[in-house]
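The data block below is data-v6.txt; it holds compact mmCIF, C-alpha atoms.
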```
# COMPACT_ATOMS: atom_id res chain seq x y z
CA MET A 1 -30.77 -23.46 -25.35
CA ASN A 2 -32.42 -20.13 -26.09
CA PRO A 3 -34.72 -18.97 -23.24
CA SER A 4 -36.09 -16.22 -25.48
CA ALA A 5 -37.48 -18.72 -28.01
CA PRO A 6 -40.40 -21.16 -27.76
CA ASP A 7 -39.93 -24.62 -26.19
CA TRP A 8 -36.99 -23.61 -24.00
CA ILE A 9 -38.56 -25.33 -20.97
CA LEU A 10 -38.72 -28.68 -22.76
CA LYS A 11 -35.16 -28.15 -24.02
CA PHE A 12 -33.99 -27.38 -20.47
CA LEU A 13 -35.64 -30.50 -19.09
CA ASN A 14 -34.18 -32.57 -21.93
CA LEU A 15 -30.64 -31.37 -21.20
CA PHE A 16 -30.62 -32.69 -17.64
CA GLU A 17 -31.63 -35.78 -15.76
CA LYS A 18 -34.05 -35.16 -12.92
CA ASN A 19 -31.34 -36.01 -10.39
CA GLU A 20 -29.05 -33.32 -11.83
CA LEU A 21 -31.69 -30.66 -11.25
CA ILE A 22 -33.09 -31.87 -7.94
CA GLY A 23 -30.90 -34.55 -6.38
CA ASN A 24 -27.77 -32.47 -5.81
CA TYR A 25 -29.40 -30.61 -2.90
CA ASN A 26 -30.05 -32.16 0.49
CA ASN A 27 -32.91 -29.83 1.34
CA GLU A 28 -34.51 -26.50 0.46
CA HIS A 29 -31.92 -24.60 2.50
CA ASP A 30 -29.08 -26.02 0.40
CA PHE A 31 -31.02 -25.10 -2.72
CA TYR A 32 -31.67 -21.57 -1.44
CA LYS A 33 -27.97 -21.10 -0.74
CA ALA A 34 -27.06 -22.28 -4.24
CA LEU A 35 -29.76 -20.06 -5.74
CA LYS A 36 -28.33 -17.08 -3.85
CA GLN A 37 -24.89 -17.82 -5.27
CA THR A 38 -26.26 -17.43 -8.80
CA GLY A 39 -27.43 -13.91 -7.88
CA PHE A 40 -31.14 -14.73 -8.26
CA ILE A 41 -32.00 -13.65 -4.69
CA TYR A 42 -30.16 -10.39 -5.34
CA GLY A 43 -32.06 -9.78 -8.57
CA VAL A 44 -28.96 -10.05 -10.80
CA SER A 45 -28.62 -13.66 -11.98
CA VAL A 46 -25.13 -14.17 -13.41
CA SER A 47 -25.39 -17.92 -13.88
CA ALA A 48 -27.82 -20.81 -13.85
CA LEU A 49 -27.76 -23.52 -11.18
CA PRO A 50 -26.78 -26.52 -13.36
CA LYS A 51 -23.03 -26.93 -13.69
CA LYS A 52 -23.33 -28.50 -17.12
CA SER A 53 -23.38 -26.14 -20.09
CA LEU A 54 -26.71 -24.84 -21.36
CA GLY A 55 -25.30 -24.48 -24.88
CA THR A 56 -23.19 -22.03 -26.86
CA LEU A 57 -25.40 -18.95 -26.44
CA LYS A 58 -24.37 -16.25 -24.01
CA HIS A 59 -27.46 -15.72 -21.91
CA THR A 60 -28.64 -12.35 -20.63
CA LYS A 61 -29.39 -11.69 -16.96
CA GLU A 62 -33.10 -11.71 -17.77
CA GLU A 63 -32.82 -15.13 -19.42
CA LEU A 64 -30.80 -16.51 -16.52
CA THR A 65 -33.38 -15.10 -14.10
CA LYS A 66 -36.12 -16.88 -16.04
CA ILE A 67 -34.20 -20.19 -15.95
CA ASN A 68 -33.52 -19.88 -12.23
CA LEU A 69 -37.13 -19.04 -11.44
CA PHE A 70 -38.37 -22.12 -13.31
CA HIS A 71 -35.69 -24.30 -11.69
CA ALA A 72 -36.68 -23.06 -8.21
CA LEU A 73 -40.35 -23.81 -8.88
CA LEU A 74 -39.43 -27.22 -10.28
CA PHE A 75 -37.38 -28.03 -7.18
CA GLN A 76 -40.26 -26.99 -4.93
CA PHE A 77 -42.67 -29.23 -6.87
CA PHE A 78 -40.46 -32.30 -6.54
CA GLN A 79 -39.97 -31.66 -2.83
CA GLU A 80 -43.65 -32.53 -2.43
CA ASN A 81 -44.07 -34.90 -5.41
CA LYS A 82 -40.91 -36.99 -5.60
CA THR A 83 -42.20 -39.63 -8.05
CA SER A 84 -44.08 -37.31 -10.42
CA SER A 85 -43.03 -36.50 -13.98
CA ASN A 86 -41.76 -33.29 -15.57
CA GLU A 87 -45.12 -32.97 -17.35
CA ASP A 88 -46.87 -33.12 -13.97
CA ALA A 89 -44.56 -30.38 -12.70
CA ILE A 90 -45.30 -28.09 -15.66
CA ASN A 91 -49.05 -28.53 -15.30
CA ASN A 92 -48.90 -27.99 -11.53
CA ILE A 93 -46.83 -24.80 -11.78
CA LEU A 94 -49.15 -23.58 -14.52
CA SER A 95 -52.20 -24.17 -12.31
CA PHE A 96 -50.51 -22.23 -9.51
CA TYR A 97 -49.90 -19.16 -11.68
CA GLN A 98 -53.37 -19.27 -13.16
CA GLN A 99 -54.90 -19.30 -9.69
CA LEU A 100 -52.50 -16.71 -8.32
CA GLU A 101 -53.57 -14.27 -11.04
CA LYS A 102 -57.27 -15.16 -10.86
CA GLY A 103 -59.29 -11.99 -11.08
CA LYS A 104 -56.73 -10.02 -13.10
CA THR A 105 -58.66 -9.90 -16.33
CA GLY A 106 -56.73 -10.18 -19.53
CA PHE A 107 -53.36 -10.96 -17.96
CA PHE A 108 -53.21 -14.61 -18.94
CA HIS A 109 -56.24 -14.68 -21.23
CA LYS A 110 -54.13 -13.19 -24.00
CA PHE A 111 -52.26 -16.48 -24.28
CA SER A 112 -53.84 -18.89 -26.72
CA LEU A 113 -55.66 -21.84 -25.22
CA SER A 114 -54.30 -23.99 -28.05
CA GLN A 115 -50.74 -23.62 -26.83
CA SER A 116 -49.02 -26.47 -25.03
CA PRO A 117 -48.74 -26.18 -21.23
CA SER A 118 -44.97 -25.61 -21.50
CA ASN A 119 -45.44 -22.77 -24.03
CA THR A 120 -48.08 -21.14 -21.85
CA LEU A 121 -45.80 -21.38 -18.83
CA GLU A 122 -42.97 -19.81 -20.85
CA HIS A 123 -45.20 -16.81 -21.59
CA ILE A 124 -46.20 -16.54 -17.95
CA LEU A 125 -42.60 -16.58 -16.71
CA SER A 126 -41.71 -13.86 -19.22
CA ALA A 127 -44.70 -11.84 -18.03
CA ARG A 128 -43.61 -12.24 -14.40
CA LEU A 129 -40.25 -10.66 -15.22
CA GLN A 130 -41.96 -7.75 -16.96
CA VAL A 131 -44.31 -7.16 -14.03
CA ALA A 132 -41.44 -7.38 -11.54
CA ASN A 133 -39.50 -4.80 -13.51
CA SER A 134 -41.91 -1.90 -12.83
CA LEU A 135 -43.35 -2.10 -9.35
CA PHE A 136 -44.79 1.38 -8.97
CA LYS A 137 -46.70 1.60 -12.25
CA ARG A 138 -48.90 4.45 -11.04
CA ASN A 139 -45.87 6.71 -10.83
CA SER A 140 -44.46 5.60 -14.22
CA ILE A 141 -41.27 4.70 -12.39
CA SER A 142 -39.14 1.69 -13.23
CA LEU A 143 -37.70 -0.10 -10.22
CA LEU A 144 -35.69 -3.20 -10.96
CA THR A 145 -37.08 -5.71 -8.51
CA TYR A 146 -36.09 -9.16 -9.79
CA SER A 147 -35.01 -9.90 -6.22
CA LEU A 148 -38.71 -10.07 -5.30
CA LEU A 149 -39.33 -12.98 -7.67
CA TYR A 150 -38.44 -15.43 -4.92
CA LEU A 151 -41.84 -14.55 -3.47
CA ASP A 152 -43.29 -16.66 -6.30
CA VAL A 153 -41.41 -19.68 -4.96
CA LEU A 154 -42.58 -19.09 -1.38
CA ALA A 155 -46.16 -18.63 -2.57
CA TYR A 156 -45.93 -21.80 -4.65
CA LYS A 157 -44.77 -23.73 -1.61
CA LYS A 158 -47.79 -22.40 0.29
CA TRP A 159 -50.10 -23.17 -2.64
CA GLN A 160 -49.04 -26.82 -2.67
CA LYS A 161 -50.29 -27.17 0.91
CA ASP A 162 -53.28 -24.82 0.79
CA CYS A 163 -54.20 -23.59 -2.67
CA ASP A 164 -57.05 -21.38 -1.48
CA SER A 165 -54.90 -19.12 0.67
CA ALA A 166 -51.91 -18.73 -1.69
CA LYS A 167 -52.98 -15.42 -3.21
CA LYS A 168 -53.62 -13.80 0.18
CA TYR A 169 -50.33 -15.24 1.41
CA TYR A 170 -48.46 -13.74 -1.54
CA ARG A 171 -49.87 -10.28 -0.86
CA GLN A 172 -48.93 -10.54 2.83
CA GLN A 173 -45.38 -11.62 2.01
CA GLU A 174 -45.00 -8.88 -0.59
CA ALA A 175 -46.18 -6.24 1.89
CA ILE A 176 -43.86 -7.58 4.61
CA ALA A 177 -40.85 -7.70 2.27
CA LEU A 178 -41.37 -4.19 0.90
CA THR A 179 -42.17 -2.68 4.30
CA ALA A 180 -39.03 -4.28 5.76
CA CYS A 181 -37.00 -2.69 2.97
CA PHE A 182 -38.72 0.66 3.61
CA TYR A 183 -37.83 0.70 7.31
CA THR A 184 -34.30 -0.45 6.51
CA LEU A 185 -33.93 2.50 4.14
CA LYS A 186 -35.30 4.84 6.83
CA SER A 187 -32.75 3.51 9.31
CA LYS A 188 -29.79 4.57 7.14
CA LYS A 189 -28.00 7.53 8.66
CA LYS A 190 -26.44 8.61 5.35
CA LYS A 191 -29.06 8.42 2.62
CA SER A 192 -28.18 8.75 -1.05
CA LYS A 193 -30.45 10.67 -3.42
CA TYR A 194 -31.88 7.34 -4.59
CA ASP A 195 -32.58 6.30 -0.99
CA LYS A 196 -34.53 9.52 -0.47
CA LEU A 197 -36.42 9.04 -3.74
CA LEU A 198 -37.33 5.48 -2.83
CA ILE A 199 -38.50 6.50 0.64
CA GLU A 200 -40.73 9.15 -0.94
CA LEU A 201 -42.15 6.60 -3.38
CA PHE A 202 -42.78 4.13 -0.58
CA GLU A 203 -44.48 6.75 1.59
CA THR A 204 -46.85 7.72 -1.21
CA SER A 205 -47.71 4.10 -2.00
CA SER A 206 -50.42 3.27 0.53
CA GLU A 207 -50.89 -0.02 -1.30
CA TYR A 208 -47.79 -1.35 0.44
CA ILE A 209 -46.61 0.80 3.30
CA ILE A 210 -48.04 1.30 6.78
CA ASP A 211 -48.56 5.05 7.31
CA GLU A 212 -45.97 7.04 9.21
CA LYS A 213 -47.68 7.33 12.57
CA GLU A 214 -46.11 6.84 15.96
CA GLY A 215 -45.76 3.15 16.64
CA SER A 216 -45.97 2.14 12.98
CA PHE A 217 -42.63 0.31 13.20
CA ALA A 218 -43.94 -1.73 16.14
CA THR A 219 -47.01 -2.51 14.05
CA PHE A 220 -44.72 -3.73 11.27
CA LEU A 221 -42.80 -5.96 13.68
CA GLU A 222 -46.11 -7.46 14.78
CA SER A 223 -46.90 -8.21 11.13
CA LEU A 224 -43.88 -10.51 11.05
CA ASN A 225 -45.97 -12.94 13.07
CA TYR A 226 -47.47 -13.93 9.72
CA LEU A 227 -44.16 -15.55 8.89
CA ASP A 228 -43.50 -19.21 9.50
CA ASN A 229 -42.75 -19.73 13.23
CA ASP A 230 -39.89 -22.10 12.40
CA LYS A 231 -36.63 -20.27 13.12
CA ASP A 232 -35.09 -22.02 10.10
CA SER A 233 -37.86 -20.73 7.86
CA LEU A 234 -36.71 -19.53 4.47
CA GLU A 235 -39.23 -16.69 4.72
CA ARG A 236 -37.21 -15.20 7.57
CA LYS A 237 -33.82 -15.74 5.91
CA TYR A 238 -35.15 -14.16 2.74
CA ILE A 239 -36.40 -11.05 4.58
CA LEU A 240 -32.99 -10.74 6.23
CA ASP A 241 -31.23 -11.04 2.85
CA LEU A 242 -33.47 -8.30 1.42
CA CYS A 243 -32.69 -5.99 4.34
CA SER A 244 -28.98 -6.73 4.00
CA LEU A 245 -29.30 -5.86 0.32
CA THR A 246 -30.96 -2.56 1.24
CA VAL A 247 -27.98 -1.39 3.34
CA TRP A 248 -25.45 -2.91 0.94
CA GLU A 249 -23.98 0.21 -0.73
CA ASP A 250 -21.28 1.02 1.85
CA LEU A 251 -21.27 -2.42 3.53
CA LYS A 252 -20.89 -0.65 6.87
CA LEU A 253 -23.53 -0.62 9.56
CA ASP A 254 -23.91 2.70 11.37
CA ASN A 255 -25.57 2.83 14.79
CA THR A 256 -29.11 3.33 13.52
CA GLU A 257 -28.80 0.54 10.93
CA GLN A 258 -27.30 -1.75 13.55
CA GLN A 259 -30.08 -0.98 16.00
CA PHE A 260 -32.75 -1.63 13.38
CA LEU A 261 -31.22 -4.93 12.26
CA GLN A 262 -30.85 -6.03 15.89
CA GLN A 263 -34.57 -5.49 16.44
CA LEU A 264 -35.27 -7.32 13.21
CA LEU A 265 -33.08 -10.27 14.19
CA VAL A 266 -34.91 -10.65 17.50
CA THR A 267 -38.32 -10.52 15.83
CA LEU A 268 -37.26 -12.93 13.08
CA ASN A 269 -35.74 -15.24 15.71
CA LEU A 270 -32.41 -15.25 13.85
CA SER A 271 -28.86 -15.07 15.20
CA GLU A 272 -26.04 -12.56 14.79
CA LYS A 273 -24.17 -15.16 12.78
CA GLU A 274 -26.97 -15.34 10.25
CA LEU A 275 -26.69 -11.60 9.69
CA GLU A 276 -22.92 -11.93 9.30
CA ASP A 277 -23.43 -14.78 6.82
CA SER A 278 -25.95 -12.73 4.85
CA LEU A 279 -23.59 -9.74 4.54
CA SER A 280 -20.59 -12.00 3.81
CA ALA A 281 -22.46 -13.72 0.99
CA LEU A 282 -23.26 -10.30 -0.52
CA ASP A 283 -19.65 -9.21 -0.18
CA TYR A 284 -18.36 -12.39 -1.82
CA PHE A 285 -20.82 -12.21 -4.71
CA SER A 286 -20.10 -8.56 -5.40
CA LYS A 287 -16.33 -9.03 -5.41
CA LYS A 288 -16.52 -12.16 -7.55
CA TYR A 289 -18.76 -10.68 -10.21
CA THR A 290 -17.88 -6.99 -9.72
CA GLU A 291 -21.59 -6.24 -9.57
CA LYS A 292 -23.16 -3.13 -8.09
CA ILE A 293 -26.05 -4.78 -6.30
CA LEU A 294 -29.04 -2.70 -5.32
CA LEU A 295 -32.46 -3.87 -4.24
CA PHE A 296 -34.08 -1.07 -6.24
CA GLU A 297 -32.63 1.12 -8.95
CA TYR A 298 -34.47 4.18 -10.14
CA SER A 299 -34.59 4.66 -13.89
CA HIS A 300 -36.40 7.27 -15.93
CA PRO A 301 -38.97 5.51 -18.16
CA VAL A 302 -37.47 6.85 -21.42
CA LYS A 303 -33.93 5.92 -20.45
CA GLN A 304 -35.10 2.51 -19.26
CA PHE A 305 -36.92 1.92 -22.56
CA TYR A 306 -33.83 2.85 -24.56
CA LYS A 307 -31.56 0.71 -22.40
CA GLN A 308 -33.81 -2.35 -22.65
CA SER A 309 -34.44 -1.83 -26.36
CA SER A 310 -30.73 -1.44 -27.08
CA SER A 311 -29.97 -4.66 -25.19
CA THR A 312 -32.74 -6.50 -27.07
CA VAL A 313 -31.57 -5.33 -30.50
CA LYS A 314 -27.95 -6.14 -29.72
CA LEU A 315 -28.91 -9.63 -28.56
CA LEU A 316 -30.98 -10.26 -31.70
CA ILE A 317 -28.12 -9.14 -33.94
CA ILE A 318 -25.52 -11.27 -32.14
CA ARG A 319 -27.71 -14.37 -32.38
CA ASN A 320 -28.56 -13.76 -36.06
CA LYS A 321 -25.37 -12.07 -37.24
CA ASP A 322 -24.36 -14.62 -39.89
CA ARG A 323 -27.75 -14.69 -41.59
CA LEU A 324 -28.16 -10.93 -41.25
CA ALA A 325 -24.75 -10.34 -42.82
CA ARG A 326 -25.65 -12.60 -45.77
CA GLU A 327 -28.96 -10.81 -46.31
CA LEU A 328 -27.25 -7.40 -46.19
CA GLU A 329 -24.61 -8.44 -48.71
CA GLU A 330 -27.36 -9.52 -51.13
CA SER A 331 -29.03 -6.10 -50.85
CA GLY A 332 -26.81 -4.08 -53.17
CA GLU A 333 -28.40 -0.65 -52.88
CA LEU A 334 -28.86 -1.02 -49.12
CA MET A 335 -25.16 -1.83 -48.72
CA VAL A 336 -24.19 1.25 -50.72
CA LEU A 337 -26.44 3.50 -48.67
CA LEU A 338 -25.21 2.04 -45.37
CA GLY A 339 -21.65 2.59 -46.51
CA GLN A 340 -22.45 6.17 -47.49
CA SER A 341 -24.08 6.78 -44.13
CA THR A 342 -20.69 6.32 -42.47
CA LEU A 343 -19.33 9.24 -44.53
CA ARG A 344 -22.24 11.68 -44.83
CA ASP A 345 -25.81 12.35 -43.74
CA LEU A 346 -28.32 10.59 -45.96
CA SER A 347 -31.12 12.55 -47.60
CA ALA A 348 -34.70 12.06 -46.49
CA GLU A 349 -35.39 9.93 -49.58
CA GLU A 350 -32.31 7.77 -48.92
CA LYS A 351 -33.28 7.30 -45.29
CA THR A 352 -36.72 6.11 -46.40
CA LYS A 353 -35.09 3.60 -48.76
CA VAL A 354 -32.83 2.32 -45.97
CA LYS A 355 -35.84 1.87 -43.67
CA GLU A 356 -37.90 0.04 -46.31
CA GLN A 357 -35.07 -2.27 -47.36
CA LEU A 358 -34.09 -3.00 -43.76
CA LEU A 359 -37.68 -4.04 -43.06
CA ASP A 360 -37.53 -6.34 -46.10
CA VAL A 361 -34.39 -7.93 -44.64
CA CYS A 362 -36.10 -8.33 -41.26
CA LYS A 363 -39.03 -10.13 -42.92
CA SER A 364 -36.66 -12.89 -44.02
CA ILE A 365 -35.31 -13.52 -40.49
CA PRO A 366 -38.01 -14.72 -38.02
CA SER A 367 -36.21 -13.40 -34.93
CA LEU A 368 -36.11 -9.90 -36.40
CA THR A 369 -39.83 -9.61 -37.10
CA ILE A 370 -39.98 -7.55 -33.89
CA PHE A 371 -39.17 -4.58 -36.14
CA LEU A 372 -42.35 -5.21 -38.15
CA LEU A 373 -44.63 -4.96 -35.11
CA PRO A 374 -46.48 -1.71 -34.33
CA GLY A 375 -43.88 0.68 -32.94
CA GLY A 376 -41.04 -1.51 -34.16
CA GLY A 377 -39.84 1.27 -36.44
CA VAL A 378 -38.66 3.15 -33.35
CA LEU A 379 -36.05 0.43 -32.89
CA LEU A 380 -34.65 0.65 -36.43
CA PRO A 381 -32.06 3.34 -35.57
CA LEU A 382 -30.72 0.95 -32.95
CA LEU A 383 -30.45 -1.76 -35.60
CA VAL A 384 -28.56 0.62 -37.90
CA LYS A 385 -26.26 1.51 -35.00
CA PHE A 386 -25.07 -2.08 -34.62
CA ILE A 387 -24.98 -3.00 -38.33
CA PRO A 388 -21.54 -1.48 -39.19
CA LYS A 389 -19.87 -4.25 -37.21
CA LEU A 390 -21.43 -6.73 -39.68
CA LEU A 391 -20.38 -4.87 -42.83
CA PRO A 392 -17.54 -6.25 -44.99
CA SER A 393 -14.04 -5.14 -44.06
CA SER A 394 -13.98 -2.76 -47.06
CA PHE A 395 -16.25 -0.44 -45.06
CA GLN A 396 -13.76 -0.44 -42.22
CA GLU A 397 -10.51 -0.25 -44.16
CA ASN A 398 -9.58 3.10 -42.62
CA ARG A 399 -9.79 1.79 -39.09
CA ILE A 400 -6.44 2.17 -37.34
CA GLN A 401 -4.97 -1.18 -36.37
CA ILE A 402 -3.08 -1.19 -33.08
CA ASP A 403 0.02 -3.30 -33.07
CA LYS A 404 -0.12 -5.19 -29.78
CA LYS A 405 3.64 -5.70 -29.92
CA LYS A 406 4.24 -1.95 -29.72
CA LYS A 407 4.31 -0.44 -26.29
```
Spell out the structure here as structure tokens.
Amino acid sequence: MNPSAPDWILKFLNLFEKNELIGNYNNEHDFYKALKQTGFIYGVSVSALPKKSLGTLKHTKEELTKINLFHALLFQFFQENKTSSNEDAINNILSFYQQLEKGKTGFFHKFSLSQSPSNTLEHILSARLQVANSLFKRNSISLLTYSLLYLDVLAYKKWQKDCDSAKKYYRQQEAIALTACFYTLKSKKKKSKYDKLLIELFETSSEYIIDEKEGSFATFLESLNYLDNDKDSLERKYILDLCSLTVWEDLKLDNTEQQFLQQLLVTLNLSEKELEDSLSALDYFSKKYTEKILLFEYSHPVKQFYKQSSSTVKLLIIRNKDRLARELEESGELMVLLGQSTLRDLSAEEKTKVKEQLLDVCKSIPSLTIFLLPGGGVLLPLLVKFIPKLLPSSFQENRIQIDKKKK
């Protein structure tokens, strides 16, 4: 299953029986715990929920995040509609997103009305990941915030009971979650340079943060009354997990952090054990997957673009390497020039030939037509960077082979 290609939702639903996706969890708390174990709540999905294989492809974190988000929405749908079909679920989730984004002109209108509901939902889920990946757009700052995608699931749960208030509810939950993270950052005695940067960004974003006046923290605590009054509410556990994630770096609570979290626990009506469980789950996940988990990670826009582009190109090459290698071998002059490029700098004329012939190769492979889109030429150097690994061994005959038997 390829979550970056059309019809992946139908493929996913075809791979599993409904009971495999929904029936293995006693309630939404069991599902939330399992979802947290995949890394979805932490914003770094390292696996999908189903134990059965999703196929031979190695999925990226973005693809796994997309799968987990759809699975979470699907589970929430069947909690309320146990006898409904998968088609009903797709249409219902689609209606939710269309209403949630009502008023944002052009966001979903760019998707063709002739597409199937599953294809439209696939585009929407991809768009959600893109939106979540740059929270403070006004500042041109990229903040990786996939951990906030669980807000979609909470809003969808609300929408199923009261569709008219879902959008307002989402905004309230988003403000509460981000403000909780802000005050958690402020409570840290030892702040890293990224902590200080984030605090500054939060303070200048009046869209989210209560201004820094005396008593503003008390005002924030009062805002938690918007949360579900049930002490077992997932809203409250989720806020606690986000705050735990915010102080995660050293995994030690200093006095100010401890005092803040104690106040938060009282207001959220949660126990000390639940805080211990939240931090223990983070500790276990990090050690198991050797992940550096941060709620937000600052990245310069140019560096972020290069990093994402490099990952995209590498993924496309890996998934099309056999066909790409065949096409390259059939392009005689291109092969010669690529071989020469490993020994000397190509002339301007030769570089133009390489670009033109590479684009011709890309035309023959549907997945690589990304390089033909406006601006796609910027990515060609990245394509050239990864191509030598696909060249015949004659281009690599001078590579030193290390005898593993020698010590």
As an exercise, work out the distance from atom CA of A:Asn91 to atom CA of A:Tyr169 in Å and give it to one decimal place.
21.4 Å
Give the answer as one residue: which of A:Asp152, A:Glu272, A:Asp88, A:Glu122 has the shortest atom-to-atom distance to A:Ile41, using all atoms listed in the file?
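For A:Ile41, the nearest of the candidates is A:Asp152.
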Atom CA of A:Leu185 to atom CA of A:Leu125, distance in Å rounded to a single decimal
29.6 Å
Report the distance between atom CA of A:Asp241 and atom CA of A:Lys273 in Å, rounded to one decimal place.
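Those two atoms sit 12.9 Å apart.
In terms of minimum interatomic distance to A:Lys157, A:Phe96 ranks closest within A:Phe96, A:Pro117, A:Asn255, A:Gln172, counting all atoms listed in the file.
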Among A:Gln173, A:Thr60, A:Ser118, A:Ser187, A:Asp254 is approached most closely, using all atoms listed in the file, by A:Ser187
As a PDB file with C-alpha atoms, in the frame of the given file, please: the residues near A:Tyr156 (cut-off 8 Å, all atoms listed in the file, same-chain neighbours under 5 positions excluded).
```pdb
ATOM      1  CA  LEU A  73     -40.350 -23.810  -8.880  1.00  0.00           C
ATOM      2  CA  GLN A  76     -40.260 -26.990  -4.930  1.00  0.00           C
ATOM      3  CA  ILE A  93     -46.830 -24.800 -11.780  1.00  0.00           C
ATOM      4  CA  PHE A  96     -50.510 -22.230  -9.510  1.00  0.00           C
ATOM      5  CA  ALA A 166     -51.910 -18.730  -1.690  1.00  0.00           C
TER       6      ALA A 166
END
```
Which residue out of A:Ser341, A:Thr184, A:Ser4, A:Asn27 has the minimum interatomic distance to A:Leu234 when all atoms listed in the file are used?
A:Asn27
For A:Lys314, which residue out of A:Pro381, A:Lys161, A:Glu350, A:Ser280 is the nearest one, using only C-alpha atoms?
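Looking only at the distances to A:Lys314, the closest residue turns out to be A:Pro381.
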Counting all atoms listed in the file, what is within 10 Å of A:Tyr150, bar same-chain residues fewer than 5 positions away, as a ChimeraX atom specification?
/A:32,35,40-43,68-69,72-73,155-156,235,238
Within 12 Å of A:Leu13 using all atoms listed in the file, minus same-chain residues under 3 positions, as a ChimeraX atom specification
/A:1,7-10,16-22,50,54,67,70-71,74,85-87,89-90,118
For A:Leu221, find every residue with an atom within 9 Å (counting all atoms listed in the file), except residues of its own chain fewer than 6 positions away, and show them as JSON, numbers by chain.
{"A": [180, 263, 264, 267, 268]}
In file coordinates, which residues lie within 10 Å of (-28.6, -8.1, -46.8) using only C-alpha atoms, given as a list in words?
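These residues have at least one counted atom within 10 Å: Arg323, Leu324, Ala325, Arg326, Glu327, Leu328, Glu329, Glu330, Ser331, Gly332, Glu333, Leu334, Met335, Gln357, Leu358, Asp360, Val361, Cys362, Ser364 and Leu391 of chain A.
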Residues at most 10 Å from A:Gln37, counting only C-alpha atoms, excluding those fewer than 6 positions away in the same chain, as a list in words?
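My list of contacting residues is Phe31, Ser45, Val46, Ser47, Ala48, Leu49, Ala281, Leu282, Tyr284 and Phe285 of chain A.
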